[in-house]
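Quick look at query19.txt (compact mmCIF, C-alpha atoms (C1' of nucleotides)):
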# COMPACT_ATOMS: atom_id res chain seq x y z
CA MET Y 1 59.91 125.53 141.49
CA PRO Y 2 59.56 125.58 137.73
CA ALA Y 3 63.03 124.26 136.87
CA PRO Y 4 64.67 122.86 140.00
CA SER Y 5 67.79 121.49 138.40
CA ALA Y 6 67.13 118.62 136.06
CA PRO Y 7 63.57 117.75 135.18
CA TYR Y 8 63.09 114.15 134.32
CA HIS Y 9 61.94 114.98 130.83
CA HIS Y 10 64.23 117.02 128.73
CA GLY Y 11 61.71 118.79 126.57
CA ASP Y 12 63.17 118.41 123.13
CA LEU Y 13 65.90 115.86 123.35
CA ALA Y 14 65.89 115.04 119.65
CA ALA Y 15 66.83 118.59 118.73
CA ALA Y 16 69.27 118.84 121.62
CA CYS Y 17 71.03 115.70 120.39
CA LEU Y 18 71.29 117.13 116.92
CA ARG Y 19 72.74 120.35 118.24
CA ALA Y 20 75.19 118.50 120.47
CA ALA Y 21 76.23 116.34 117.54
CA PHE Y 22 77.00 119.41 115.44
CA GLU Y 23 79.05 120.94 118.21
CA LEU Y 24 81.01 117.77 118.78
CA LEU Y 25 81.60 117.44 115.07
CA GLU Y 26 83.08 120.92 114.87
CA GLU Y 27 85.10 120.57 118.05
CA GLU Y 28 86.45 117.06 117.86
CA GLY Y 29 85.76 115.78 114.39
CA THR Y 30 84.04 112.61 113.35
CA ALA Y 31 85.92 110.49 115.85
CA GLY Y 32 84.55 112.46 118.81
CA LEU Y 33 80.97 112.03 117.70
CA SER Y 34 79.70 109.18 119.84
CA LEU Y 35 76.19 108.66 121.04
CA ARG Y 36 77.44 108.70 124.59
CA ALA Y 37 79.21 112.01 124.11
CA VAL Y 38 76.07 113.44 122.58
CA ALA Y 39 74.09 112.25 125.59
CA ARG Y 40 76.62 113.74 128.00
CA ARG Y 41 76.49 117.09 126.26
CA ALA Y 42 72.71 117.05 126.31
CA GLY Y 43 72.89 116.33 130.04
CA VAL Y 44 71.12 113.04 129.79
CA SER Y 45 71.81 109.37 130.43
CA PRO Y 46 73.87 107.43 127.89
CA THR Y 47 70.95 105.55 126.44
CA ALA Y 48 68.38 108.34 126.33
CA PRO Y 49 69.12 109.24 122.67
CA TYR Y 50 67.89 105.81 121.66
CA ARG Y 51 64.35 107.03 122.29
CA HIS Y 52 64.79 109.40 119.35
CA TYR Y 53 67.36 107.75 117.10
CA ALA Y 54 67.33 104.08 116.32
CA ASP Y 55 71.11 103.91 116.34
CA ARG Y 56 74.21 105.96 115.69
CA ASP Y 57 73.70 105.85 111.95
CA ALA Y 58 70.23 107.33 112.31
CA LEU Y 59 71.67 110.29 114.19
CA LEU Y 60 74.38 110.69 111.55
CA SER Y 61 71.75 110.64 108.84
CA SER Y 62 69.88 113.46 110.52
CA VAL Y 63 73.08 115.41 110.90
CA ALA Y 64 73.79 114.87 107.23
CA ALA Y 65 70.32 116.02 106.26
CA VAL Y 66 70.82 119.31 108.07
CA GLY Y 67 74.21 119.58 106.42
CA TYR Y 68 72.65 119.23 102.99
CA ARG Y 69 70.29 122.07 103.69
CA GLU Y 70 73.12 124.28 104.88
CA LEU Y 71 75.19 123.45 101.83
CA ALA Y 72 72.28 124.31 99.58
CA GLU Y 73 71.87 127.63 101.40
CA GLN Y 74 75.52 128.48 101.01
CA LEU Y 75 75.41 127.75 97.29
CA ALA Y 76 72.22 129.73 96.79
CA ALA Y 77 73.76 132.63 98.70
CA THR Y 78 76.64 132.69 96.24
CA HIS Y 79 74.51 132.69 93.10
CA PRO Y 80 70.83 131.76 93.19
CA LEU Y 81 71.17 130.41 89.71
CA PRO Y 82 74.66 130.77 88.32
CA SER Y 83 75.00 131.21 84.63
CA GLY Y 84 78.10 130.74 82.52
CA PRO Y 85 81.54 129.47 83.43
CA ALA Y 86 82.55 132.36 85.67
CA GLU Y 87 79.57 132.15 87.99
CA LEU Y 88 79.74 128.42 87.89
CA ALA Y 89 83.33 128.67 89.09
CA ASP Y 90 82.15 130.89 91.95
CA THR Y 91 79.68 128.23 92.96
CA ALA Y 92 82.36 125.58 92.78
CA VAL Y 93 84.51 127.67 95.11
CA ALA Y 94 81.59 127.95 97.55
CA TYR Y 95 81.10 124.18 97.48
CA VAL Y 96 84.76 123.48 98.18
CA ARG Y 97 84.85 126.14 100.87
CA PHE Y 98 81.94 124.47 102.62
CA ALA Y 99 83.84 121.19 102.62
CA LEU Y 100 87.00 122.77 104.00
CA ASP Y 101 85.27 124.97 106.54
CA ARG Y 102 83.37 122.04 108.00
CA PRO Y 103 85.34 118.95 107.07
CA ALA Y 104 83.84 116.61 109.62
CA LEU Y 105 80.32 117.53 108.62
CA PHE Y 106 81.13 117.14 104.95
CA ARG Y 107 82.53 113.68 105.62
CA VAL Y 108 79.41 112.68 107.48
CA MET Y 109 77.38 113.91 104.54
CA PHE Y 110 79.30 112.14 101.83
CA ALA Y 111 81.98 109.80 103.07
CA GLU Y 112 80.00 107.50 105.32
CA PRO Y 113 78.58 104.30 103.94
CA CYS Y 114 75.12 105.73 104.24
CA ASP Y 115 71.66 104.39 103.90
CA PRO Y 116 70.49 105.61 100.50
CA THR Y 117 66.90 104.77 101.37
CA ASN Y 118 66.79 107.35 104.14
CA PRO Y 119 64.08 109.75 102.94
CA GLU Y 120 65.73 112.86 104.36
CA ARG Y 121 68.92 112.11 102.51
CA ALA Y 122 67.13 111.17 99.32
CA ALA Y 123 65.20 114.43 99.35
CA ALA Y 124 68.30 116.51 99.94
CA ASN Y 125 70.05 114.60 97.20
CA ALA Y 126 67.24 115.31 94.77
CA ALA Y 127 67.35 118.99 95.69
CA ILE Y 128 71.05 119.32 94.95
CA ARG Y 129 70.59 117.40 91.74
CA ALA Y 130 67.77 119.70 90.61
CA TYR Y 131 69.82 122.77 91.43
CA VAL Y 132 72.75 121.51 89.38
CA GLU Y 133 70.57 120.52 86.48
CA ALA Y 134 68.90 123.93 86.44
CA ILE Y 135 72.32 125.51 86.20
CA VAL Y 136 73.33 123.18 83.44
CA ARG Y 137 70.20 123.73 81.40
CA ARG Y 138 70.78 127.44 81.44
CA SER Y 139 74.55 127.46 80.98
CA PHE Y 140 74.95 124.56 78.57
CA PRO Y 141 71.72 124.41 76.62
CA GLU Y 142 73.17 122.12 73.99
CA SER Y 143 74.29 119.44 76.44
CA ASP Y 144 72.36 116.49 77.74
CA PRO Y 145 71.20 117.92 81.08
CA ALA Y 146 71.42 114.63 82.95
CA ALA Y 147 74.91 113.73 81.78
CA MET Y 148 76.25 117.25 82.06
CA GLY Y 149 74.61 117.74 85.44
CA THR Y 150 76.27 114.60 86.70
CA ALA Y 151 79.60 115.73 85.32
CA VAL Y 152 79.43 119.19 86.83
CA TRP Y 153 78.44 117.91 90.24
CA ALA Y 154 81.16 115.27 90.07
CA LEU Y 155 83.79 117.81 89.10
CA VAL Y 156 82.99 120.08 92.01
CA HIS Y 157 82.47 117.22 94.44
CA GLY Y 158 85.77 115.67 93.42
CA LEU Y 159 87.59 118.94 93.93
CA ALA Y 160 86.15 119.18 97.42
CA PHE Y 161 87.28 115.69 98.34
CA LEU Y 162 90.73 116.03 96.86
CA TYR Y 163 91.31 119.19 98.85
CA LEU Y 164 89.82 117.63 101.94
CA ASP Y 165 92.21 114.72 101.73
CA GLY Y 166 95.20 116.93 101.21
CA LYS Y 167 95.77 115.70 97.67
CA LEU Y 168 95.88 119.29 96.52
CA ASP Y 169 97.22 122.36 98.19
CA GLY Y 170 97.83 125.98 97.44
CA PRO Y 171 95.38 128.84 97.08
CA ILE Y 172 92.03 127.12 97.01
CA ASP Y 173 89.88 129.74 95.38
CA ASP Y 174 92.24 130.33 92.51
CA GLN Y 175 92.94 126.67 91.90
CA VAL Y 176 89.31 125.64 91.99
CA ARG Y 177 88.45 128.43 89.62
CA ALA Y 178 91.33 127.50 87.32
CA ALA Y 179 90.37 123.82 87.29
CA VAL Y 180 86.75 124.50 86.49
CA LEU Y 181 87.59 126.98 83.77
CA ALA Y 182 90.26 124.72 82.32
CA MET Y 183 87.75 121.91 82.08
CA LEU Y 184 85.10 124.04 80.52
CA THR Y 185 87.42 125.43 77.89
CA ALA Y 186 89.53 122.35 77.21
CA ALA Y 187 87.26 120.78 74.69
CA ASN Y 188 87.90 123.45 72.13
CA GLY Y 189 91.48 122.36 71.75
CA ALA Y 190 90.99 118.63 71.96
CA MET Y 191 87.83 117.66 70.18
CA SER Y 192 87.98 117.51 66.49
CA MET R 1 109.34 69.29 113.81
CA PRO R 2 109.51 72.30 111.61
CA ALA R 3 106.05 73.69 112.36
CA PRO R 4 104.57 72.05 115.47
CA SER R 5 101.40 74.07 115.70
CA ALA R 6 102.01 77.66 116.60
CA PRO R 7 105.57 78.88 116.74
CA TYR R 8 106.09 81.78 119.06
CA HIS R 9 107.27 83.99 116.28
CA HIS R 10 105.00 84.39 113.35
CA GLY R 11 107.53 84.97 110.62
CA ASP R 12 106.11 87.91 108.78
CA LEU R 13 103.38 89.35 110.89
CA ALA R 14 103.45 92.73 109.23
CA ALA R 15 102.51 91.24 105.87
CA ALA R 16 100.04 88.85 107.47
CA CYS R 17 98.29 91.79 109.14
CA LEU R 18 98.07 93.60 105.85
CA ARG R 19 96.60 90.56 104.17
CA ALA R 20 94.13 90.02 106.99
CA ALA R 21 93.13 93.66 106.82
CA PHE R 22 92.37 93.36 103.12
CA GLU R 23 90.29 90.27 103.65
CA LEU R 24 88.32 91.85 106.47
CA LEU R 25 87.76 94.94 104.40
CA GLU R 26 86.27 92.91 101.56
CA GLU R 27 84.24 90.67 103.82
CA GLU R 28 82.89 93.03 106.43
CA GLY R 29 83.60 96.54 105.24
CA THR R 30 85.34 99.32 107.03
CA ALA R 31 83.45 98.74 110.25
CA GLY R 32 84.79 95.20 110.60
CA LEU R 33 88.38 96.29 110.25
CA SER R 34 89.62 96.39 113.83
CA LEU R 35 93.13 95.76 115.00
CA ARG R 36 91.84 92.96 117.18
CA ALA R 37 90.07 91.30 114.29
CA VAL R 38 93.23 91.56 112.24
CA ALA R 39 95.18 89.94 115.05
CA ARG R 40 92.63 87.15 115.39
CA ARG R 41 92.76 86.42 111.68
CA ALA R 42 96.53 86.38 111.75
CA GLY R 43 96.32 83.90 114.65
CA VAL R 44 98.10 86.12 117.08
CA SER R 45 97.39 87.93 120.34
CA PRO R 46 95.35 91.15 120.23
CA THR R 47 98.29 93.44 120.79
CA ALA R 48 100.87 91.75 118.61
CA PRO R 49 100.20 94.04 115.62
CA TYR R 50 101.48 96.93 117.69
CA ARG R 51 104.98 95.62 117.13
CA HIS R 52 104.57 96.45 113.46
CA TYR R 53 102.04 99.27 113.32
CA ALA R 54 102.08 102.20 115.68
CA ASP R 55 98.30 102.29 115.81
CA ARG R 56 95.20 101.57 113.81
CA ASP R 57 95.74 104.54 111.55
CA ALA R 58 99.19 103.32 110.63
CA LEU R 59 97.72 100.02 109.47
CA LEU R 60 95.04 101.84 107.51
CA SER R 61 97.69 103.96 105.86
CA SER R 62 99.54 100.86 104.74
CA VAL R 63 96.33 99.36 103.42
CA ALA R 64 95.65 102.58 101.53
CA ALA R 65 99.12 102.57 100.05
CA VAL R 66 98.61 99.10 98.62
CA GLY R 67 95.23 100.22 97.36
CA TYR R 68 96.81 103.10 95.47
CA ARG R 69 99.17 100.72 93.72
CA GLU R 70 96.34 98.43 92.75
CA LEU R 71 94.28 101.32 91.46
CA ALA R 72 97.22 102.50 89.37
CA GLU R 73 97.62 98.99 87.96
CA GLN R 74 93.96 98.78 87.04
CA LEU R 75 94.10 102.11 85.26
CA ALA R 76 97.29 101.22 83.42
CA ALA R 77 95.74 97.91 82.38
CA THR R 78 92.89 99.79 80.76
CA HIS R 79 95.04 102.20 78.78
CA PRO R 80 98.72 102.70 79.57
CA LEU R 81 98.41 106.27 78.43
CA PRO R 82 94.92 107.14 77.26
CA SER R 83 94.62 109.72 74.58
CA GLY R 84 91.56 111.64 73.56
CA PRO R 85 88.11 111.77 75.10
CA ALA R 86 87.07 108.20 74.28
CA GLU R 87 90.04 106.53 75.93
CA LEU R 88 89.84 109.00 78.77
CA ALA R 89 86.26 107.93 79.30
CA ASP R 90 87.42 104.30 79.40
CA THR R 91 89.88 105.18 82.11
CA ALA R 92 87.20 107.02 84.03
CA VAL R 93 85.03 103.91 83.87
CA ALA R 94 87.91 101.83 85.22
CA TYR R 95 88.40 104.27 88.09
CA VAL R 96 84.75 104.19 89.05
CA ARG R 97 84.65 100.44 88.70
CA PHE R 98 87.53 100.12 91.12
CA ALA R 99 85.64 102.21 93.64
CA LEU R 100 82.46 100.17 93.27
CA ASP R 101 84.17 96.80 93.19
CA ARG R 102 86.06 97.50 96.39
CA PRO R 103 84.09 100.19 98.17
CA ALA R 104 85.57 99.70 101.61
CA LEU R 105 89.11 99.85 100.29
CA PHE R 106 88.31 102.95 98.27
CA ARG R 107 86.92 104.63 101.36
CA VAL R 108 90.02 103.80 103.34
CA MET R 109 92.07 105.28 100.54
CA PHE R 110 90.18 108.53 100.17
CA ALA R 111 87.49 109.07 102.76
CA GLU R 112 89.45 108.75 105.98
CA PRO R 113 90.86 111.85 107.58
CA CYS R 114 94.30 110.68 106.69
CA ASP R 115 97.76 111.75 107.58
CA PRO R 116 98.98 113.63 104.49
CA THR R 117 102.55 113.45 105.74
CA ASN R 118 102.63 109.67 105.49
CA PRO R 119 105.35 109.09 102.88
CA GLU R 120 103.71 106.03 101.36
CA ARG R 121 100.52 107.94 100.74
CA ALA R 122 102.31 111.00 99.47
CA ALA R 123 104.28 108.92 96.97
CA ALA R 124 101.19 107.14 95.72
CA ASN R 125 99.43 110.45 95.44
CA ALA R 126 102.25 111.90 93.37
CA ALA R 127 102.17 108.86 91.10
CA ILE R 128 98.47 109.24 90.35
CA ARG R 129 98.93 112.93 89.80
CA ALA R 130 101.78 112.34 87.35
CA TYR R 131 99.73 109.77 85.46
CA VAL R 132 96.82 112.16 85.11
CA GLU R 133 99.02 115.01 84.05
CA ALA R 134 100.71 112.90 81.40
CA ILE R 135 97.29 112.08 80.00
CA VAL R 136 96.29 115.70 80.04
CA ARG R 137 99.46 116.92 78.34
CA ARG R 138 98.87 114.54 75.52
CA SER R 139 95.12 114.91 75.16
CA PHE R 140 94.73 118.61 75.88
CA PRO R 141 97.98 120.19 74.79
CA GLU R 142 96.55 123.68 74.89
CA SER R 143 95.41 123.49 78.50
CA ASP R 144 97.32 124.36 81.62
CA PRO R 145 98.45 120.86 82.64
CA ALA R 146 98.19 121.51 86.36
CA ALA R 147 94.71 123.00 86.30
CA MET R 148 93.39 120.57 83.72
CA GLY R 149 95.00 117.62 85.51
CA THR R 150 93.30 118.65 88.73
CA ALA R 151 89.99 119.03 86.95
CA VAL R 152 90.17 115.65 85.22
CA TRP R 153 91.11 113.84 88.39
CA ALA R 154 88.38 115.65 90.30
CA LEU R 155 85.77 114.80 87.69
CA VAL R 156 86.56 111.11 87.79
CA HIS R 157 87.03 111.04 91.54
CA GLY R 158 83.76 112.83 92.07
CA LEU R 159 81.93 110.37 89.85
CA ALA R 160 83.36 107.52 91.88
CA PHE R 161 82.19 109.02 95.16
CA LEU R 162 78.75 109.97 93.93
CA TYR R 163 78.17 106.43 92.74
CA LEU R 164 79.64 105.03 95.92
CA ASP R 165 77.23 107.04 98.03
CA GLY R 166 74.26 106.06 95.96
CA LYS R 167 73.71 109.56 94.62
CA LEU R 168 73.63 108.17 91.13
CA ASP R 169 72.31 104.94 89.80
CA GLY R 170 71.69 103.23 86.54
CA PRO R 171 74.14 101.69 84.10
CA ILE R 172 77.49 102.79 85.43
CA ASP R 173 79.66 102.39 82.38
CA ASP R 174 77.33 104.26 80.08
CA GLN R 175 76.63 107.06 82.52
CA VAL R 176 80.25 107.63 83.41
CA ARG R 177 81.13 107.69 79.76
CA ALA R 178 78.28 110.06 79.01
CA ALA R 179 79.22 112.41 81.83
CA VAL R 180 82.87 112.58 80.81
CA LEU R 181 82.06 113.13 77.17
CA ALA R 182 79.40 115.70 77.99
CA MET R 183 81.89 117.65 80.04
CA LEU R 184 84.58 117.48 77.40
CA THR R 185 82.26 118.65 74.66
CA ALA R 186 80.14 121.14 76.59
CA ALA R 187 82.44 124.08 76.34
CA ASN R 188 81.87 124.48 72.64
CA GLY R 189 78.28 125.45 73.14
CA ALA R 190 78.73 127.61 76.20
CA MET R 191 81.87 129.61 75.87
CA SER R 192 81.77 132.77 73.83
C1' DG I 1 41.77 110.01 139.24
C1' DA I 2 43.57 105.98 137.22
C1' DA I 3 45.50 103.74 133.10
C1' DT I 4 48.54 104.13 129.23
C1' DG I 5 52.06 105.49 126.26
C1' DA I 6 56.06 108.39 125.91
C1' DT I 7 60.26 109.43 127.77
C1' DG I 8 64.45 108.91 130.64
C1' DT I 9 67.49 105.79 133.79
C1' DA I 10 70.36 101.83 135.45
C1' DA I 11 72.85 97.83 134.77
C1' DG I 12 75.19 95.01 131.86
C1' DC I 13 77.19 92.71 127.54
C1' DA I 14 80.60 92.36 124.04
C1' DC I 15 83.70 94.81 121.66
C1' DC I 16 87.25 98.28 120.76
C1' DG I 17 92.14 100.86 120.94
C1' DT I 18 95.89 101.20 123.71
C1' DC I 19 99.36 100.79 127.48
C1' DA I 20 102.58 98.40 130.74
C1' DA I 21 104.76 94.38 132.31
C1' DC I 22 106.26 90.00 131.16
C1' DA I 23 107.72 85.77 128.23
C1' DT I 24 110.02 83.76 124.35
C1' DT I 25 112.97 83.57 120.49
C1' DT I 26 116.60 85.09 117.43
C1' DG I 27 121.05 86.59 116.25
C1' DA I 28 125.45 88.84 116.93
C1' DG I 29 129.97 89.22 119.70
C1' DG I 30 133.01 87.28 122.65
C1' DC C 1 129.58 77.37 122.03
C1' DC C 2 127.70 80.62 125.12
C1' DT C 3 125.87 84.76 126.56
C1' DC C 4 123.20 88.58 126.34
C1' DA C 5 120.67 92.17 124.13
C1' DA C 6 117.19 93.23 120.76
C1' DA C 7 113.16 91.83 118.41
C1' DT C 8 108.95 89.79 118.75
C1' DG C 9 104.71 87.90 120.92
C1' DT C 10 101.60 87.39 125.33
C1' DT C 11 98.87 88.70 129.38
C1' DG C 12 96.20 91.68 131.87
C1' DA C 13 94.14 95.81 132.51
C1' DC C 14 91.82 100.51 131.75
C1' DG C 15 88.60 103.51 129.83
C1' DG C 16 85.79 104.04 126.05
C1' DT C 17 82.07 102.54 122.70
C1' DG C 18 77.24 100.82 120.67
C1' DC C 19 73.43 98.57 122.06
C1' DT C 20 69.87 95.58 124.81
C1' DT C 21 66.93 94.62 128.62
C1' DA C 22 64.51 95.84 132.53
C1' DC C 23 62.90 99.47 135.29
C1' DA C 24 61.48 104.41 136.78
C1' DT C 25 59.06 108.66 135.95
C1' DC C 26 56.17 111.78 133.68
C1' DA C 27 52.15 113.65 130.68
C1' DT C 28 47.88 112.74 128.69
C1' DT C 29 43.58 110.92 127.85
C1' DC C 30 39.46 108.59 129.17
Show me, as structure tokens, the structure contained in the file I just sent.
Amino acid sequence: MPAPSAPYHHGDLAAACLRAAFELLEEEGTAGLSLRAVARRAGVSPTAPYRHYADRDALLSSVAAVGYRELAEQLAATHPLPSGPAELADTAVAYVRFALDRPALFRVMFAEPCDPTNPERAAANAAIRAYVEAIVRRSFPESDPAAMGTAVWALVHGLAFLYLDGKLDGPIDDQVRAAVLAMLTAANGAMS
Amino acid sequence: MPAPSAPYHHGDLAAACLRAAFELLEEEGTAGLSLRAVARRAGVSPTAPYRHYADRDALLSSVAAVGYRELAEQLAATHPLPSGPAELADTAVAYVRFALDRPALFRVMFAEPCDPTNPERAAANAAIRAYVEAIVRRSFPESDPAAMGTAVWALVHGLAFLYLDGKLDGPIDDQVRAAVLAMLTAANGAMS
DNA sequence: GAATGATGTAAGCACCGTCAACATTTGAGG
DNA sequence: CCTCAAATGTTGACGGTGCTTACATCATTC
């Protein structure tokens, strides 16, 4: 009998927990994501996940790390290295869409008081930062890459959160595009 | 005997709960803000707050509403109606400072899956929006006020969240200023 | 083949949000 | 002034949570 019904050892409980956490996040939102629910879904006792995750925050950090990778993939799929305001606006739309398509995941990634020393998160953070700075260097060669990179990321990130919180409504794609383009063209009229 | 020890009726429990919630938020962060803790601090039974707040979310919404007013005050105290990139950068710094000075409150205000139909929140939201648009109309008269207002708010809001989540570090004031100014001057080099 | 470390379980603690039933106080109408 | 209803606060309970401690089972290595 190779698999009677429930072998004592699960096999790969860490991965199963991660998968269960993602499913719960999509189905019930952040509130439904409890360690006990994860354990139930993985078909395991309530305290089994503690063998693989120190506490709930550790599981959330792993979820967030996967989320960062998926966000990066979605952005790269839009434009591997966007250039100029129009493509940059496309990328902004993709970023906001990710947030709105998977709001609970996005909140876990960015809205939890997280542990900034977590290496997975730090690495993902550095990756996003490098991606944005590469864009900036190419599209705005005369700007300070660090400052402009920060600003571009903040602009897009802020748009995502404002939409997520219902502070903005209306056609997302068009409004995101309009906001990004307005910002990138505004200076001409205002600066001396 | 006007106040023996503990009169059956509190007097103004709704306000006392709000005050207790603010204190707990500052002292212990979002995690420490439970209805029961609020009740304890107000010196009242665990379920008494339910006479004044339908549930925990209702209390959080009231906390957020007060937070919006305080944020608006802090911005107005910096520049009643900022004009031009430099003053706009000052206002951005004030916004980010608010977020970093009172991180738990800021998260309650913006990072909770909130009820967008709550009238208090909607009103506060409209007030911030009007403030930003007034700034934009004056500082960027050639821009579309709606799109540019959204973009400016998003830029500042995004900076606040990125700092809050530890995605950025270093001297806050200088970096926020640099990011805002970089964004507002970048277009000249990039657009046709 | 037995010891050892990794993995999963069971039981329990303190806390949480919320409901239902009850107690007390206040205030308005007779 | 007295009554009685509404507003307010209390008690007790239920199911859920994160987490700890002690124990059971398995897989591996000597």
At what distance in Å, to one decimal, does CA of Ala65 (chain Y) lie from CA of Gly149 (chain Y)?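 Pair CA of Gly149 (chain Y) / CA of Ala65 (chain Y) returns 21.3 Å.
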Could I get the residues of chain R with an atom no further than 12 Å from an atom of chain C, each paired with its nearest atom pair and that distance in Å to one decimal, using all atoms listed in the file, sorted by chain and residue number, as a Markdown table?
| residue | atom | partner | partner_atom | distance |
| --- | --- | --- | --- | --- |
| R:Ala6 | CA | C:DG9 | C1' | 11.4 |
| R:Pro7 | CA | C:DG9 | C1' | 10.0 |
| R:Tyr8 | CA | C:DG9 | C1' | 6.5 |
| R:His9 | CA | C:DT8 | C1' | 6.5 |
| R:His10 | CA | C:DG9 | C1' | 8.3 |
| R:Gly11 | CA | C:DT8 | C1' | 9.6 |
| R:Asp12 | CA | C:DT8 | C1' | 10.5 |
| R:Leu13 | CA | C:DT8 | C1' | 9.6 |
| R:Ala14 | CA | C:DT8 | C1' | 11.4 |
| R:Ala39 | CA | C:DG9 | C1' | 11.4 |
| R:Gly43 | CA | C:DG9 | C1' | 11.2 |
| R:Val44 | CA | C:DG9 | C1' | 7.8 |
| R:Ser45 | CA | C:DT10 | C1' | 6.6 |
| R:Pro46 | CA | C:DT10 | C1' | 8.9 |
| R:Thr47 | CA | C:DT10 | C1' | 8.3 |
| R:Ala48 | CA | C:DG9 | C1' | 5.9 |
| R:Pro49 | CA | C:DG9 | C1' | 9.3 |
| R:Tyr50 | CA | C:DG9 | C1' | 10.1 |
| R:Arg51 | CA | C:DT8 | C1' | 7.2 |
| R:His52 | CA | C:DT8 | C1' | 9.6 |
Hey, can you spit out that residue selection with C-alpha atoms as a PDB file, in the coordinates of the input?
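Result went into result.pdb, see below:
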ATOM      1  CA  ALA R   6     102.010  77.660 116.600  1.00  0.00           C
ATOM      2  CA  PRO R   7     105.570  78.880 116.740  1.00  0.00           C
ATOM      3  CA  TYR R   8     106.090  81.780 119.060  1.00  0.00           C
ATOM      4  CA  HIS R   9     107.270  83.990 116.280  1.00  0.00           C
ATOM      5  CA  HIS R  10     105.000  84.390 113.350  1.00  0.00           C
ATOM      6  CA  GLY R  11     107.530  84.970 110.620  1.00  0.00           C
ATOM      7  CA  ASP R  12     106.110  87.910 108.780  1.00  0.00           C
ATOM      8  CA  LEU R  13     103.380  89.350 110.890  1.00  0.00           C
ATOM      9  CA  ALA R  14     103.450  92.730 109.230  1.00  0.00           C
ATOM     10  CA  ALA R  39      95.180  89.940 115.050  1.00  0.00           C
ATOM     11  CA  GLY R  43      96.320  83.900 114.650  1.00  0.00           C
ATOM     12  CA  VAL R  44      98.100  86.120 117.080  1.00  0.00           C
ATOM     13  CA  SER R  45      97.390  87.930 120.340  1.00  0.00           C
ATOM     14  CA  PRO R  46      95.350  91.150 120.230  1.00  0.00           C
ATOM     15  CA  THR R  47      98.290  93.440 120.790  1.00  0.00           C
ATOM     16  CA  ALA R  48     100.870  91.750 118.610  1.00  0.00           C
ATOM     17  CA  PRO R  49     100.200  94.040 115.620  1.00  0.00           C
ATOM     18  CA  TYR R  50     101.480  96.930 117.690  1.00  0.00           C
ATOM     19  CA  ARG R  51     104.980  95.620 117.130  1.00  0.00           C
ATOM     20  CA  HIS R  52     104.570  96.450 113.460  1.00  0.00           C
TER      21      HIS R  52
END
For the contact check between chain R and chain Y, emit one row per residue of chain R within 8 Å, containing the shortest atom pair and the distance in Å rounded to one decimal, counting all atoms listed in the file, chain then rising number order, as a Markdown table.
| residue | atom | partner | partner_atom | distance |
| --- | --- | --- | --- | --- |
| R:Gly84 | CA | Y:Ala190 | CA | 7.2 |
| R:Pro85 | CA | Y:Met191 | CA | 7.7 |
| R:Arg107 | CA | Y:Ala111 | CA | 7.4 |
| R:Phe110 | CA | Y:Asp165 | CA | 6.7 |
| R:Ala111 | CA | Y:Ala111 | CA | 5.6 |
| R:Glu112 | CA | Y:Asp165 | CA | 7.8 |
| R:Pro113 | CA | Y:Asp165 | CA | 6.7 |
| R:Cys114 | CA | Y:Asp165 | CA | 6.7 |
| R:Pro116 | CA | Y:Gly166 | CA | 6.0 |
| R:Asn125 | CA | Y:Lys167 | CA | 6.8 |
| R:Ser139 | CA | Y:Ala190 | CA | 6.4 |
| R:Phe140 | CA | Y:Ala190 | CA | 5.4 |
| R:Pro141 | CA | Y:Gly189 | CA | 7.5 |
| R:Glu142 | CA | Y:Gly189 | CA | 6.1 |
| R:Ser143 | CA | Y:Ala186 | CA | 6.1 |
| R:Asp144 | CA | Y:Ala182 | CA | 7.1 |
| R:Ala147 | CA | Y:Ala179 | CA | 4.5 |
| R:Met148 | CA | Y:Ala182 | CA | 5.4 |
| R:Gly149 | CA | Y:Ala179 | CA | 7.9 |
| R:Thr150 | CA | Y:Ala179 | CA | 6.1 |
| R:Ala151 | CA | Y:Ala179 | CA | 4.8 |
| R:Val152 | CA | Y:Met183 | CA | 7.4 |
| R:Trp153 | CA | Y:Gly158 | CA | 7.6 |
| R:Ala154 | CA | Y:Gly158 | CA | 4.1 |
| R:Leu155 | CA | Y:Leu155 | CA | 3.9 |
| R:Val156 | CA | Y:Ala154 | CA | 7.2 |
| R:His157 | CA | Y:Gly158 | CA | 5.2 |
| R:Gly158 | CA | Y:Gly158 | CA | 3.7 |
| R:Leu159 | CA | Y:Ala154 | CA | 5.0 |
| R:Phe161 | CA | Y:Gly158 | CA | 7.8 |
| R:Leu162 | CA | Y:Ala154 | CA | 7.0 |
| R:Asp165 | CA | Y:Pro113 | CA | 6.7 |
| R:Gly166 | CA | Y:Pro116 | CA | 5.9 |
| R:Lys167 | CA | Y:Asn125 | CA | 6.7 |
| R:Gln175 | CA | Y:Ala147 | CA | 6.9 |
| R:Ala178 | CA | Y:Ala147 | CA | 5.7 |
| R:Ala179 | CA | Y:Ala147 | CA | 4.5 |
| R:Val180 | CA | Y:Ala151 | CA | 6.4 |
| R:Ala182 | CA | Y:Met148 | CA | 5.4 |
| R:Met183 | CA | Y:Met148 | CA | 6.0 |
| R:Leu184 | CA | Y:Ala187 | CA | 5.0 |
| R:Thr185 | CA | Y:Ala187 | CA | 5.4 |
| R:Ala186 | CA | Y:Ser143 | CA | 6.1 |
| R:Ala187 | CA | Y:Leu184 | CA | 5.0 |
| R:Asn188 | CA | Y:Asn188 | CA | 6.1 |
| R:Gly189 | CA | Y:Glu142 | CA | 6.2 |
| R:Ala190 | CA | Y:Phe140 | CA | 5.4 |
| R:Met191 | CA | Y:Thr185 | CA | 7.2 |
For a test of reading the model, state the distance in Å between CA of Glu70 (chain R) and CA of Ser34 (chain R), rounded to one decimal. 22.2 Å
